[in-house]
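Input: a single structure, listed below in structure tokens.
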Amino acid sequence: MVINIPPPSIDPVDKVPPTYGGPVPIVVIRKVGDYAEVRNVETNTILTYSLNHTSVFQKAFDSLEDGGLILVKQGSYSIETIELTNHKFITLQGTNRWATKLVAKNNTKPIIKIDGQDPYNRQASEIVIRDIMFKGASNPQSGHHLLELRNTHEIYVDNVLFEGGYRGIYMKEVTRIHLSRIWCYAPYANGIYVDTGTVLADQLWMDDIQVTDAPNARGVYIKDFDSYRITRAYITGTIDAIRIVKTDSGVKDCIGWIANVDVDLNSGSGIFIDGQGGVIKKVAITDAWIAGSGGYGLHIYNAKYITVLGGWFAASSQHGVFVKDSEEVSIVNARIYNNGQGYAGERDGVMIYNSRKVKVIGCMIFDDQPTPTQRYGVREEGGSDYNLILGNTFFGNISGDLSISGTNTVTANNIST
């Protein structure tokens with residue numbers, strides 16, 4: 001029997017979900033007591049039936065040589081590692097949202113590993129994972145990822161909860177990865193980690209991402225990767241909420257867009273653009289809300305062509321925005337206030353250190369607390385020069401609006417109230 005796929009539903013419960021369109025072969029996995037079975041819908045035959053849940057899932061994937069749908073009935077399945085190496089055009093679909101649980105049986109291996117082996121040929125691709133919960137084993141410090149993607153492209157992960165594990169999602173040598181409606185709860189080291197790729201290292205879309213309750217972890221960590229987009233993220237209770245890192249001057253520029261992110265109460269920086277191994281170029285940050293960071297609200301280091309448009313940078317322990325060793329950074333129409341919470345009178349709204357051609361335009365930079373903590377609105381140090389501070393509104397900063405050291409820096413049309 002071949003089933004035509006119906007249109008998407010809001011919460012498919014025992015309904016055949018949308019996939020790439022057209023008729024597709026379907027297999028169904030379900031629990032029978034402690035056993036799991038996989039049944040081919042077309043032939044109505046059981047392909048395998050076992051206490052070893054890993055083998056049941058592996059059989060389901062291997063049976064769909066030309067693609068298809070694996071519909072997993074709700075229940076908890078104990079998984080060693082499901083390995084996908086030359087599988088394509090397959091959708092793995094849970095039922096009843098996160099009532100389908102894949103639980104790690106091994107604390108050193110991923111629950112699902114998609115590895116196309118060869119980054120040029122990418123045998124494993126066009127795979128969808130949807131409406132499933134991944135749960136890590138005990139002792140997450142041992143280093144197991146819940147989902148691992150290597151040497152692959154066109155992977156879609158939607159409406160998935162990752163609980164525990166060393167990392168929720170680990171990626172290397174990937175391109176065209178789509179993550180949406182993802183919640184990484186209590187990972188040990190990273191919610192989402194994107195590693196260097198020598199062949200594939202671009203086109204990553206993340207929308208509606210949450211990382212919470214992870215005091216030892218970085219929420220989203222992207223290393224040496226071009227063309228990424230992070231939108232509608234909520235990250236709280238981590239170290240750095242979002243960290244973009246360039247480790248090698250010979251790799252790509254780390255071009256990306258970060259928009260509509262809500263970053264609260266993280267012990268490190270809210271967003272850290274970190275050019276530790278080479279200049280990061282062309283990052284846009286729009287409408288970010290960053291509050292209560294234990295480090296800097298926004299930290300820009302060794303970067304060029306960075307645009308910050310709008311957003312709120314509030315109540316950080318250190319500077320609200322710290323621009324260091326950078327050039328051509330624009331901060332426009334932002335609200336930057338009540339920073340220096342951990343260093344009252346010693347940290348600023350915007351600190352420009354050893355940087356040139358930085359523009360701070362049209363911002364509200366102030367401290368409205370009963371006991372102010374933010375020192376200056378904007379301060380230059382460390383040889384900064386040729387910057388433009390234009391049309392900003394200042395009030396309530398402890399030591400004043402501006403502390404300018406660059407002889408060629410221009411300040412104009414700023415308002416002090």
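Chain labels A, B, ... are given in the sequence in which chains occur in the structure tokens; within each chain residues are numbered consecutively from 1, and ligands are likewise numbered from 1 in the order shown.
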Item to complete: Just the residues within 7 Å of Ser125 in chain A, please, counting only C-alpha atoms, with nothing from its chain fewer than 4 positions along; format it as a ChimeraX atom specification.
Response: /A:87-88,152-155
Practice prompt. For Ile331 in chain A, list every protein, DNA or RNA residue within 12 Å, evaluated using only C-alpha atoms, and leave out those in the same chain fewer than 2 positions away; present the list as a PyMOL selection string.
Written response: chain A and resi 284-287+298+300+305-313+320-323+328-329+333-336+349-352+357-365+378+387-392
Output C-alpha atoms for every residue in that selection, as a compact mmCIF listing (two decimals), in the first residue's frame.
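Once written, result_27.txt looks like this:
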```
# COMPACT_ATOMS: atom_id res chain seq x y z
CA ALA A 284 24.77 41.37 11.72
CA ILE A 285 23.02 41.37 15.10
CA THR A 286 19.50 42.76 15.09
CA ASP A 287 16.98 43.26 17.90
CA LEU A 298 27.93 41.88 23.73
CA ILE A 300 33.21 41.88 19.88
CA TYR A 305 32.18 44.84 9.35
CA ILE A 306 29.96 44.11 12.35
CA THR A 307 26.51 45.72 12.47
CA VAL A 308 24.40 45.91 15.63
CA LEU A 309 20.95 47.26 14.85
CA GLY A 310 18.51 47.90 17.66
CA GLY A 311 18.41 45.70 20.72
CA TRP A 312 18.67 46.02 24.48
CA PHE A 313 21.91 45.46 26.42
CA GLY A 320 27.16 46.46 28.09
CA VAL A 321 29.01 46.37 24.75
CA PHE A 322 32.78 45.74 24.61
CA VAL A 323 34.50 46.33 21.26
CA GLU A 328 34.23 49.13 11.22
CA VAL A 329 31.72 48.18 13.89
CA ASN A 333 19.51 52.56 17.71
CA ALA A 334 20.28 50.35 20.70
CA ARG A 335 19.31 50.78 24.35
CA ILE A 336 22.32 50.20 26.60
CA GLY A 349 27.71 51.22 28.51
CA VAL A 350 30.03 50.94 25.49
CA MET A 351 33.78 50.37 25.83
CA ILE A 352 35.84 50.85 22.66
CA LYS A 357 36.04 53.31 12.71
CA VAL A 358 33.48 52.32 15.32
CA LYS A 359 30.14 54.11 15.02
CA VAL A 360 27.74 54.54 17.92
CA ILE A 361 24.69 56.27 16.46
CA GLY A 362 21.23 57.05 17.76
CA CYS A 363 21.49 54.97 20.94
CA MET A 364 19.99 55.49 24.41
CA ILE A 365 22.82 54.90 26.89
CA VAL A 378 30.82 55.57 25.84
CA ASN A 387 35.45 56.64 15.75
CA LEU A 388 32.08 58.38 15.42
CA ILE A 389 29.74 58.99 18.38
CA LEU A 390 26.68 60.65 16.91
CA GLY A 391 23.16 61.53 17.96
CA ASN A 392 22.99 59.49 21.15
```
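Every protein, DNA or RNA residue with an atom at most 7 Å from Lys252 in chain A, where only C-alpha atoms count and chain neighbours fewer than 3 positions away do not, is listed here: Asp224, Phe225 and Asp226 of chain A.
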Residue subset to file, keeping N, CA and C atoms, as an mmCIF file, in the first residue's frame:
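Printed below is part-v8.cif as written:
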```cif
data_model
loop_
_atom_site.group_PDB
_atom_site.id
_atom_site.type_symbol
_atom_site.label_atom_id
_atom_site.label_comp_id
_atom_site.auth_asym_id
_atom_site.auth_seq_id
_atom_site.Cartn_x
_atom_site.Cartn_y
_atom_site.Cartn_z
ATOM 1 N N ASP A 224 34.451 28.615 12.971
ATOM 2 C CA ASP A 224 34.986 28.625 11.603
ATOM 3 C C ASP A 224 33.932 28.198 10.586
ATOM 4 N N PHE A 225 32.814 28.884 10.601
ATOM 5 C CA PHE A 225 31.670 28.455 9.797
ATOM 6 C C PHE A 225 31.064 29.669 9.111
ATOM 7 N N ASP A 226 30.814 29.577 7.815
ATOM 8 C CA ASP A 226 30.235 30.678 7.050
ATOM 9 C C ASP A 226 28.733 30.490 6.875
#
```
Discussion item. I want to know what sits within 7 Å of Tyr188 in chain A, based on only C-alpha atoms, with residues of the same chain fewer than 6 positions away left out; could you give that as a VMD selection string?
Written reply: chain A and resid 140 to 141 164 to 167 214 216 to 217
Output N, CA and C atoms for every residue in the selection just made, as a PDB file, in the first residue's frame.
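again_19.pdb, written as the output of this step:
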```pdb
ATOM      1  N   PRO A 140      27.075  12.726  31.799  1.00  0.00           N
ATOM      2  CA  PRO A 140      27.240  13.374  30.505  1.00  0.00           C
ATOM      3  C   PRO A 140      28.648  13.904  30.252  1.00  0.00           C
ATOM      4  N   GLN A 141      29.460  14.030  31.313  1.00  0.00           N
ATOM      5  CA  GLN A 141      30.833  14.505  31.141  1.00  0.00           C
ATOM      6  C   GLN A 141      31.665  13.592  30.254  1.00  0.00           C
ATOM      7  N   GLY A 164      19.845  16.666  28.485  1.00  0.00           N
ATOM      8  CA  GLY A 164      21.105  16.127  28.995  1.00  0.00           C
ATOM      9  C   GLY A 164      22.107  15.909  27.885  1.00  0.00           C
ATOM     10  N   GLY A 165      22.998  14.940  28.108  1.00  0.00           N
ATOM     11  CA  GLY A 165      24.061  14.665  27.155  1.00  0.00           C
ATOM     12  C   GLY A 165      25.212  15.650  27.295  1.00  0.00           C
ATOM     13  N   TYR A 166      26.339  15.312  26.689  1.00  0.00           N
ATOM     14  CA  TYR A 166      27.469  16.233  26.685  1.00  0.00           C
ATOM     15  C   TYR A 166      27.139  17.429  25.796  1.00  0.00           C
ATOM     16  N   ARG A 167      26.630  17.161  24.599  1.00  0.00           N
ATOM     17  CA  ARG A 167      26.107  18.194  23.710  1.00  0.00           C
ATOM     18  C   ARG A 167      24.758  17.714  23.168  1.00  0.00           C
ATOM     19  N   ALA A 214      21.880  25.060  31.910  1.00  0.00           N
ATOM     20  CA  ALA A 214      23.153  24.428  31.539  1.00  0.00           C
ATOM     21  C   ALA A 214      24.310  25.287  32.047  1.00  0.00           C
ATOM     22  N   ASN A 216      27.306  24.818  32.970  1.00  0.00           N
ATOM     23  CA  ASN A 216      28.666  24.547  32.494  1.00  0.00           C
ATOM     24  C   ASN A 216      28.788  24.637  30.977  1.00  0.00           C
ATOM     25  N   ALA A 217      27.723  25.015  30.313  1.00  0.00           N
ATOM     26  CA  ALA A 217      27.662  24.891  28.856  1.00  0.00           C
ATOM     27  C   ALA A 217      27.592  26.252  28.175  1.00  0.00           C
TER      28      ALA A 217
END
```
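You can rank A:Val194, A:Val220, A:Leu92, A:Val174 by their closest distance to Val261 in chain A using only C-alpha atoms, and at the top of that list sits A:Val220.
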Worksheet entry | Contacts of Ala60 in chain A within 8 Å, only C-alpha atoms, excl. fewer than 6 positions in-chain, as a PyMOL selection string | chain A and resi 27+29+38+47+70
What lies within 7 Å of range 394-401 of chain A using only C-alpha atoms, ignoring chain neighbours under 3 positions off, as a compact mmCIF listing (two decimals) with N, CA and C atoms, in the first residue's frame?
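Writing the result to around_3.txt gives the following:
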```txt
# COMPACT_ATOMS: atom_id res chain seq x y z
N GLY A 345 30.74 51.54 38.89
CA GLY A 345 31.61 52.69 38.67
C GLY A 345 32.87 52.39 37.91
N MET A 364 20.30 55.03 23.05
CA MET A 364 19.99 55.49 24.41
C MET A 364 20.94 54.75 25.34
N ILE A 365 21.81 55.51 26.03
CA ILE A 365 22.82 54.90 26.89
C ILE A 365 22.71 55.56 28.26
N PHE A 366 22.23 54.82 29.23
CA PHE A 366 21.84 55.48 30.49
C PHE A 366 21.89 54.52 31.66
N ASP A 367 21.72 55.10 32.85
CA ASP A 367 21.57 54.33 34.08
C ASP A 367 20.44 54.97 34.88
N ASP A 368 19.38 54.24 35.08
CA ASP A 368 18.22 54.78 35.80
C ASP A 368 17.97 54.07 37.12
N PRO A 372 23.34 54.09 40.71
CA PRO A 372 23.88 53.75 39.39
C PRO A 372 25.14 52.89 39.49
N THR A 373 25.37 52.10 38.46
CA THR A 373 26.58 51.27 38.37
C THR A 373 27.36 51.51 37.08
N GLN A 374 26.74 52.08 36.07
CA GLN A 374 27.37 52.26 34.77
C GLN A 374 28.22 53.54 34.79
N ARG A 375 29.52 53.41 34.47
CA ARG A 375 30.46 54.53 34.62
C ARG A 375 30.21 55.60 33.55
N TYR A 376 30.67 55.37 32.32
CA TYR A 376 30.45 56.29 31.21
C TYR A 376 29.44 55.68 30.24
N GLY A 377 28.82 56.56 29.49
CA GLY A 377 28.00 56.06 28.39
C GLY A 377 28.86 55.38 27.35
N VAL A 378 29.86 56.12 26.80
CA VAL A 378 30.82 55.57 25.84
C VAL A 378 32.22 55.97 26.29
N ILE A 415 22.93 64.11 23.08
CA ILE A 415 22.05 64.80 24.02
C ILE A 415 22.29 64.25 25.40
N SER A 416 22.45 65.17 26.37
CA SER A 416 22.57 64.78 27.76
C SER A 416 21.36 65.31 28.51
N THR A 417 20.62 64.44 29.15
CA THR A 417 19.40 64.90 29.84
C THR A 417 19.53 64.71 31.34
```
Worksheet item: Contacts of Ile169 in chain A at 7 Å or less, counting only C-alpha atoms, minus same-chain residues fewer than 3 places along, as JSON, numbers by chain?
Response: {"A": [145, 146, 147, 148, 191, 192, 193]}
Worksheet, complete the sentence: As a check of understanding: the span from CA of Ile129 in chain A to CA of Asp262 in chain A is 25.6 Å
